[in-house]
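Engineer: Dropping in query-v6.cif, which is mmCIF, C-alpha atoms and all ligand atoms:
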data_work
#
loop_
_atom_site.label_atom_id
_atom_site.label_comp_id
_atom_site.auth_asym_id
_atom_site.auth_seq_id
_atom_site.Cartn_x
_atom_site.Cartn_y
_atom_site.Cartn_z
CA MET A 105 -28.30 -24.90 26.77
CA SER A 106 -25.51 -27.37 27.62
CA GLU A 107 -23.42 -28.86 24.83
CA ARG A 108 -25.07 -31.69 22.88
CA THR A 109 -23.15 -34.89 22.16
CA ALA A 110 -22.91 -36.54 18.73
CA VAL A 111 -21.48 -40.04 18.25
CA ILE A 112 -20.09 -40.70 14.78
CA THR A 113 -19.08 -44.23 13.72
CA GLY A 114 -16.38 -44.69 11.08
CA ALA A 115 -15.00 -41.23 11.87
CA SER A 116 -11.35 -42.05 11.03
CA ALA A 117 -11.78 -41.24 7.30
CA GLY A 118 -14.11 -40.13 4.53
CA ILE A 119 -17.70 -39.13 5.25
CA GLY A 120 -17.44 -39.95 8.97
CA GLU A 121 -14.38 -37.74 9.50
CA ALA A 122 -15.98 -34.88 7.54
CA THR A 123 -19.19 -35.30 9.56
CA ALA A 124 -17.23 -35.08 12.81
CA ARG A 125 -15.77 -31.77 11.58
CA ALA A 126 -19.17 -30.42 10.48
CA LEU A 127 -20.93 -31.39 13.72
CA ALA A 128 -18.12 -29.97 15.86
CA GLU A 129 -18.41 -26.77 13.83
CA ALA A 130 -22.17 -26.80 14.54
CA GLY A 131 -21.43 -26.84 18.28
CA PHE A 132 -21.69 -30.53 19.18
CA HIS A 133 -19.26 -32.38 21.41
CA VAL A 134 -18.20 -35.14 19.02
CA VAL A 135 -17.41 -38.69 20.12
CA LEU A 136 -15.60 -40.57 17.37
CA GLY A 137 -15.44 -44.33 16.88
CA ALA A 138 -13.47 -46.50 14.42
CA ARG A 139 -10.77 -49.19 14.43
CA ARG A 140 -7.79 -46.97 13.46
CA LEU A 141 -7.32 -45.20 16.79
CA ASP A 142 -4.27 -43.15 15.73
CA ARG A 143 -6.21 -41.41 12.94
CA LEU A 144 -9.25 -41.02 15.19
CA GLU A 145 -7.23 -39.40 17.98
CA ASN A 146 -5.72 -36.86 15.58
CA VAL A 147 -9.15 -35.80 14.33
CA ALA A 148 -10.62 -35.70 17.86
CA ALA A 149 -7.70 -33.56 19.11
CA GLU A 150 -8.32 -31.00 16.35
CA LEU A 151 -12.02 -30.80 17.24
CA ALA A 152 -11.74 -30.89 21.04
CA GLY A 153 -13.69 -34.14 20.73
CA THR A 154 -13.27 -37.63 22.17
CA ALA A 155 -11.96 -40.75 20.43
CA PHE A 156 -12.65 -44.32 21.53
CA PRO A 157 -11.78 -47.53 19.66
CA LEU A 158 -14.79 -49.13 18.00
CA ASP A 159 -15.29 -52.19 15.83
CA VAL A 160 -19.00 -52.29 14.99
CA THR A 161 -18.71 -55.96 13.99
CA ASP A 162 -17.69 -56.91 17.55
CA PRO A 163 -20.42 -56.85 20.23
CA THR A 164 -17.82 -56.55 23.03
CA SER A 165 -16.22 -53.53 21.37
CA VAL A 166 -19.64 -51.88 20.88
CA ALA A 167 -20.57 -52.49 24.54
CA ALA A 168 -17.25 -51.05 25.78
CA PHE A 169 -17.63 -47.99 23.51
CA VAL A 170 -21.20 -47.26 24.57
CA GLN A 171 -20.33 -47.59 28.24
CA ARG A 172 -17.89 -44.71 27.84
CA VAL A 173 -20.59 -42.41 26.40
CA PRO A 174 -22.66 -41.05 29.33
CA GLU A 175 -25.16 -39.16 27.17
CA CYS A 176 -25.95 -38.98 23.50
CA HIS A 177 -28.17 -36.67 21.43
CA VAL A 178 -27.16 -37.66 17.90
CA LEU A 179 -25.93 -41.00 16.57
CA VAL A 180 -24.52 -41.04 13.04
CA ASN A 181 -24.38 -44.64 11.78
CA ASN A 182 -21.74 -44.17 9.11
CA ALA A 183 -19.25 -47.07 9.46
CA GLY A 184 -19.55 -49.30 6.44
CA GLY A 185 -18.54 -49.86 2.86
CA ALA A 186 -18.34 -52.35 0.02
CA ARG A 187 -16.13 -55.31 -0.82
CA GLY A 188 -15.84 -56.62 -4.39
CA LEU A 189 -18.03 -56.34 -7.47
CA GLU A 190 -18.82 -59.94 -8.36
CA ARG A 191 -21.97 -61.14 -10.05
CA VAL A 192 -24.21 -63.40 -7.97
CA VAL A 193 -22.92 -66.47 -9.77
CA ASP A 194 -19.39 -65.64 -8.56
CA ALA A 195 -20.34 -64.21 -5.14
CA ASP A 196 -17.61 -64.28 -2.50
CA GLU A 197 -19.15 -65.24 0.85
CA ASP A 198 -16.38 -63.55 2.85
CA ASN A 199 -17.11 -60.25 1.08
CA TRP A 200 -20.83 -60.68 1.75
CA ARG A 201 -20.20 -61.44 5.41
CA TRP A 202 -18.01 -58.32 5.77
CA MET A 203 -20.65 -56.10 4.16
CA TRP A 204 -23.55 -57.50 6.18
CA GLU A 205 -21.63 -57.49 9.47
CA THR A 206 -20.41 -53.91 9.05
CA ASN A 207 -23.32 -52.11 7.36
CA VAL A 208 -26.29 -54.04 8.73
CA LEU A 209 -25.39 -55.65 12.05
CA GLY A 210 -23.04 -52.77 12.89
CA THR A 211 -25.92 -50.30 12.51
CA LEU A 212 -28.21 -52.60 14.50
CA ARG A 213 -25.70 -52.96 17.37
CA MET A 214 -24.93 -49.26 17.67
CA THR A 215 -28.57 -48.20 17.39
CA LYS A 216 -29.78 -50.79 19.88
CA ALA A 217 -27.08 -49.83 22.37
CA LEU A 218 -27.55 -46.05 22.14
CA LEU A 219 -31.33 -45.68 21.65
CA PRO A 220 -32.09 -45.61 25.39
CA LYS A 221 -29.61 -42.73 25.85
CA LEU A 222 -30.88 -40.92 22.74
CA ILE A 223 -34.46 -41.07 23.99
CA ALA A 224 -33.44 -40.17 27.57
CA SER A 225 -31.78 -37.01 26.19
CA GLY A 226 -35.28 -35.71 25.44
CA ASP A 227 -34.24 -34.78 21.87
CA GLY A 228 -32.43 -37.70 20.22
CA HIS A 229 -31.60 -38.22 16.56
CA VAL A 230 -30.50 -41.35 14.65
CA ILE A 231 -28.88 -40.47 11.33
CA THR A 232 -27.93 -43.44 9.15
CA VAL A 233 -25.75 -43.18 6.04
CA THR A 234 -27.12 -45.79 3.64
CA SER A 235 -26.64 -45.26 -0.11
CA ILE A 236 -28.57 -45.13 -3.37
CA ALA A 237 -27.46 -48.81 -3.35
CA GLY A 238 -30.06 -49.23 -0.60
CA HIS A 239 -32.83 -48.29 -3.04
CA GLU A 240 -31.80 -49.85 -6.36
CA VAL A 241 -29.67 -52.73 -7.68
CA TYR A 242 -26.84 -52.93 -10.22
CA ASP A 243 -24.84 -55.76 -11.82
CA GLY A 244 -22.05 -57.02 -9.57
CA GLY A 245 -23.39 -55.06 -6.62
CA SER A 246 -25.71 -57.56 -4.93
CA GLY A 247 -23.61 -58.04 -1.78
CA TYR A 248 -23.52 -54.28 -1.20
CA THR A 249 -27.02 -53.44 -2.47
CA SER A 250 -28.59 -56.20 -0.38
CA ALA A 251 -26.74 -55.03 2.74
CA LYS A 252 -27.68 -51.39 2.11
CA HIS A 253 -31.34 -52.37 1.44
CA ALA A 254 -31.35 -54.23 4.79
CA GLN A 255 -29.71 -51.29 6.58
CA ALA A 256 -32.30 -48.91 5.06
CA ALA A 257 -35.18 -51.20 6.11
CA LEU A 258 -33.85 -51.48 9.67
CA HIS A 259 -33.44 -47.71 9.85
CA GLU A 260 -36.90 -46.93 8.42
CA THR A 261 -38.56 -49.29 10.92
CA LEU A 262 -37.30 -47.09 13.77
CA ARG A 263 -39.43 -44.19 12.53
CA SER A 264 -42.62 -46.15 13.17
CA GLU A 265 -41.51 -48.08 16.26
CA HIS A 266 -40.56 -44.86 18.08
CA LEU A 267 -43.27 -42.53 16.77
CA GLY A 268 -44.34 -40.35 19.70
CA GLU A 269 -40.98 -40.61 21.47
CA PRO A 270 -38.42 -37.78 21.50
CA VAL A 271 -36.18 -39.18 18.77
CA ARG A 272 -35.79 -38.18 15.13
CA ILE A 273 -34.83 -40.62 12.36
CA THR A 274 -33.00 -39.45 9.21
CA GLU A 275 -31.64 -41.56 6.35
CA ILE A 276 -28.85 -40.00 4.28
CA ILE A 277 -28.76 -41.53 0.79
CA PRO A 278 -25.63 -40.52 -1.15
CA GLY A 279 -24.70 -41.42 -4.69
CA MET A 280 -21.03 -41.41 -5.66
CA VAL A 281 -18.67 -39.79 -3.12
CA GLU A 282 -14.88 -39.71 -3.63
CA THR A 283 -13.32 -41.22 -0.48
CA ASP A 284 -11.29 -44.39 0.24
CA PHE A 285 -14.51 -46.31 -0.46
CA SER A 286 -13.45 -47.58 -3.91
CA MET A 287 -9.87 -48.36 -2.82
CA ASN A 288 -11.32 -50.48 -0.04
CA ARG A 289 -13.90 -52.04 -2.33
CA PHE A 290 -11.21 -53.05 -4.84
CA ASP A 291 -8.67 -54.15 -2.23
CA GLY A 292 -6.16 -51.33 -2.90
CA ASP A 293 -6.31 -51.51 -6.73
CA THR A 294 -5.65 -47.81 -7.47
CA THR A 295 -6.40 -48.03 -11.21
CA ARG A 296 -9.75 -49.68 -10.66
CA ALA A 297 -10.63 -47.22 -7.90
CA ALA A 298 -9.64 -44.16 -9.99
CA ASN A 299 -11.75 -45.45 -12.87
CA VAL A 300 -14.90 -45.11 -10.74
CA TYR A 301 -14.50 -41.30 -10.73
CA ARG A 302 -13.26 -40.97 -14.35
CA GLY A 303 -14.72 -38.11 -16.40
CA LEU A 304 -17.03 -36.64 -13.78
CA THR A 305 -17.04 -34.61 -10.57
CA PRO A 306 -18.15 -36.83 -7.67
CA LEU A 307 -19.52 -35.59 -4.36
CA THR A 308 -16.95 -34.91 -1.65
CA ALA A 309 -17.16 -36.21 1.91
CA GLN A 310 -17.74 -32.62 2.97
CA ASP A 311 -20.75 -32.29 0.65
CA VAL A 312 -22.39 -35.17 2.52
CA ALA A 313 -21.25 -33.94 5.94
CA GLU A 314 -22.85 -30.54 5.38
CA VAL A 315 -26.19 -32.22 4.64
CA ILE A 316 -25.89 -34.36 7.78
CA ALA A 317 -25.13 -31.27 9.87
CA PHE A 318 -28.13 -29.49 8.31
CA ALA A 319 -30.44 -32.38 9.29
CA ALA A 320 -28.98 -32.46 12.82
CA THR A 321 -29.47 -28.74 13.40
CA ARG A 322 -33.16 -28.40 12.42
CA PRO A 323 -35.55 -27.52 15.26
CA SER A 324 -36.58 -30.50 17.35
CA HIS A 325 -40.03 -30.88 15.73
CA VAL A 326 -38.58 -31.13 12.18
CA ASN A 327 -37.78 -34.68 11.02
CA LEU A 328 -36.04 -34.93 7.64
CA ASP A 329 -36.98 -38.54 6.89
CA SER A 330 -34.63 -39.15 3.96
CA ILE A 331 -32.28 -37.08 1.86
CA VAL A 332 -30.92 -38.26 -1.51
CA LEU A 333 -27.85 -36.46 -2.86
CA LYS A 334 -25.89 -37.32 -6.00
CA PRO A 335 -23.35 -35.69 -8.27
CA ARG A 336 -25.08 -33.77 -11.07
CA ALA A 337 -23.43 -36.21 -13.51
CA GLN A 338 -24.93 -39.30 -11.89
CA LEU A 339 -28.46 -40.52 -12.65
CA ASN A 340 -28.33 -43.77 -10.66
CA GLY A 341 -25.99 -46.63 -9.75
CA SER A 342 -25.39 -47.55 -13.39
CA ARG A 343 -25.83 -44.37 -15.47
CA TYR A 344 -23.40 -41.44 -15.54
CA ASP A 345 -22.27 -38.62 -17.79
CA ARG A 346 -18.49 -39.03 -18.05
CA SER A 347 -17.86 -36.32 -20.63
CA GLU A 348 -15.86 -33.94 -18.42
N1 LIG B 401 -18.13 -43.26 -0.98
C1 LIG B 401 -19.29 -43.47 -1.56
O1 LIG B 401 -19.42 -43.41 -2.80
C2 LIG B 401 -20.51 -43.79 -0.72
C3 LIG B 401 -21.77 -43.64 -1.32
C4 LIG B 401 -22.91 -43.92 -0.57
C5 LIG B 401 -22.79 -44.36 0.73
N2 LIG B 401 -21.55 -44.54 1.30
C6 LIG B 401 -21.50 -45.02 2.67
O2 LIG B 401 -20.89 -44.03 3.46
C7 LIG B 401 -20.29 -44.62 4.61
C8 LIG B 401 -18.86 -44.09 4.77
O3 LIG B 401 -18.11 -44.49 3.64
P1 LIG B 401 -16.87 -43.63 3.06
O4 LIG B 401 -17.18 -43.37 1.64
O5 LIG B 401 -16.54 -42.52 3.95
O6 LIG B 401 -15.74 -44.77 3.08
P2 LIG B 401 -14.27 -44.84 3.78
O7 LIG B 401 -13.51 -43.61 3.45
O8 LIG B 401 -13.75 -46.17 3.36
O9 LIG B 401 -14.61 -44.82 5.34
C9 LIG B 401 -15.19 -45.92 5.98
C10 LIG B 401 -15.14 -45.68 7.48
O10 LIG B 401 -15.79 -46.80 8.13
C11 LIG B 401 -14.95 -47.25 9.17
N3 LIG B 401 -15.16 -48.67 9.43
C12 LIG B 401 -15.07 -49.72 8.55
N4 LIG B 401 -15.29 -50.88 9.19
C13 LIG B 401 -15.52 -50.55 10.50
C14 LIG B 401 -15.80 -51.32 11.67
N5 LIG B 401 -15.88 -52.66 11.62
N6 LIG B 401 -15.98 -50.67 12.84
C15 LIG B 401 -15.91 -49.32 12.90
N7 LIG B 401 -15.65 -48.54 11.84
C16 LIG B 401 -15.45 -49.16 10.65
C17 LIG B 401 -13.53 -46.96 8.70
O11 LIG B 401 -12.67 -46.81 9.84
P3 LIG B 401 -11.59 -47.88 10.35
O12 LIG B 401 -11.06 -48.58 9.14
O13 LIG B 401 -10.58 -47.01 11.05
O14 LIG B 401 -12.34 -48.76 11.29
C18 LIG B 401 -13.72 -45.61 8.02
O15 LIG B 401 -13.63 -44.57 8.97
C19 LIG B 401 -20.39 -46.13 4.39
O16 LIG B 401 -21.49 -46.63 5.13
C20 LIG B 401 -20.65 -46.26 2.90
O17 LIG B 401 -21.33 -47.45 2.58
C21 LIG B 401 -20.41 -44.24 0.61
#
Would you put the structure from the file into structure tokens?
Ligand SMILES: NC(=O)c1ccc[n+]([C@@H]2O[C@H](COP(=O)([O-])OP(=O)(O)OC[C@H]3O[C@@H](n4cnc5c(N)ncnc54)[C@H](OP(=O)(O)O)[C@@H]3O)[C@@H](O)[C@H]2O)c1

Structural biologist:
Amino acid sequence: MSERTAVITGASAGIGEATARALAEAGFHVVLGARRLDRLENVAAELAGTAFPLDVTDPTSVAAFVQRVPECHVLVNNAGGARGLERVVDADEDNWRWMWETNVLGTLRMTKALLPKLIASGDGHVITVTSIAGHEVYDGGSGYTSAKHAQAALHETLRSEHLGEPVRITEIIPGMVETDFSMNRFDGDTTRAANVYRGLTPLTAQDVAEVIAFAATRPSHVNLDSIVLKPRAQLNGSRYDRSE
């Protein structure tokens, strides 16, 4: 069988970078997309993969990226994140716009652009990294939880719209993962970011990547619809055991 191609968005750091490593290890040719091309090229070089610049919030950038991908078997919609933690009454519209553009419209653009190639491959797979924030709400999180709920709804709709076609649809639903996520959410505030992981052992990016690679390497007739993974010390988006 010839080598299968996996496109991973947001592969310059965190879960996306770890997923690129795990899928390359599983035998895929990995095509990496993100805005920080220097980081992306270093990862791609290590994995004998390909790196192209990608800003999922920019339709022109998405079109240029997709044009450079002749065939695609797996798309991992991973680019995304959170900005701020304000209550609704104090909501920052710029933060909301960033979260909706990146998580929701970014996933829509990439999926829409690559679905024809995924289906034409005869064995396509859309894997979307949402979050437990896509399935519950917490105080201060409405910009992120609403975006992740929308991303999850968009993703789930694909399962029904393409039933009977050769494409699998898997939602990855992580709880807390230690990456640059909190530094980005809190605009580089290291104390605030470190506090998120205080007193417990969070998931690592590799923990999530291994689950993504597992889903991507099941036989073609096996569709893992959704997978929830959390640290043992996390119950949900607001309740943790921080006694470590
Ligand atoms: N960490 C957690 O606790 C957690 C939990 C559940 C779900 N998630 C989800 O997991 C995904 C990955 O997050 P992470 O934890 O790995 O965070 P991260 O370390 O901050 O990585 C985010 C990645 O997204 C990319 N990205 C951001 N904006 C982009 C854009 N406009 N176009 C293309 N790429 C873009 C970044 O690359 P560039 O800056 O180079 O573009 C980076 O590679 C996100 O969807 C996040 O919501 C994270």

Engineer: Give me, as a count of residues only, all polymer residues having an atom no more than 9 Å from Gly185 (chain A), counting all atoms listed in the file and skipping those fewer than 6 positions away in the same chain.

Structural biologist: 9

Engineer: Name each residue within 8 Å of ligand LIG 401 (chain B), counting all atoms listed in the file, as a PyMOL selection string.

Structural biologist: chain A and resi 113-121+137-141+143-144+158-162+181-186+205-207+210+233-237+252+277-288+307+309

Engineer: Please compute the CA of Lys216 (chain A)-CA of Leu267 (chain A) distance, one decimal, in Å.

Structural biologist: 16.1 Å

Engineer: So which one's closest to Thr308 (chain A), A:Ile276, A:Leu333, A:Ala254, A:Ala149? Using only C-alpha atoms, please.

Structural biologist: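 Among the listed residues, A:Leu333 lies closest to Thr308 (chain A).
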
Engineer: In Å to one decimal, how far is CA of Ala124 (chain A) from CA of Val332 (chain A)?

Structural biologist: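 So the two atoms, CA of Val332 (chain A) and CA of Ala124 (chain A), lie 20.1 Å apart.
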
Engineer: Between A:Glu190, A:Asp142, A:Pro174, A:Lys334, which has the minimum distance to Asp311 (chain A) (counting all atoms listed in the file)?

Structural biologist: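 Of the candidates, the smallest distance to Asp311 (chain A) is held by A:Lys334.
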
Engineer: CA of Gly238 (chain A) and CA of Leu258 (chain A) are how many Å apart?

Structural biologist: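 Between CA of Gly238 (chain A) and CA of Leu258 (chain A) the gap is 11.2 Å.
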
Engineer: My list of candidates is A:Leu222, A:Ala337, A:Ile331, A:Ile112. Which is closest to Leu304 (chain A) when distances are computed with only C-alpha atoms?

Structural biologist: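 Among the listed residues, the smallest separation from Leu304 (chain A) belongs to A:Ala337.
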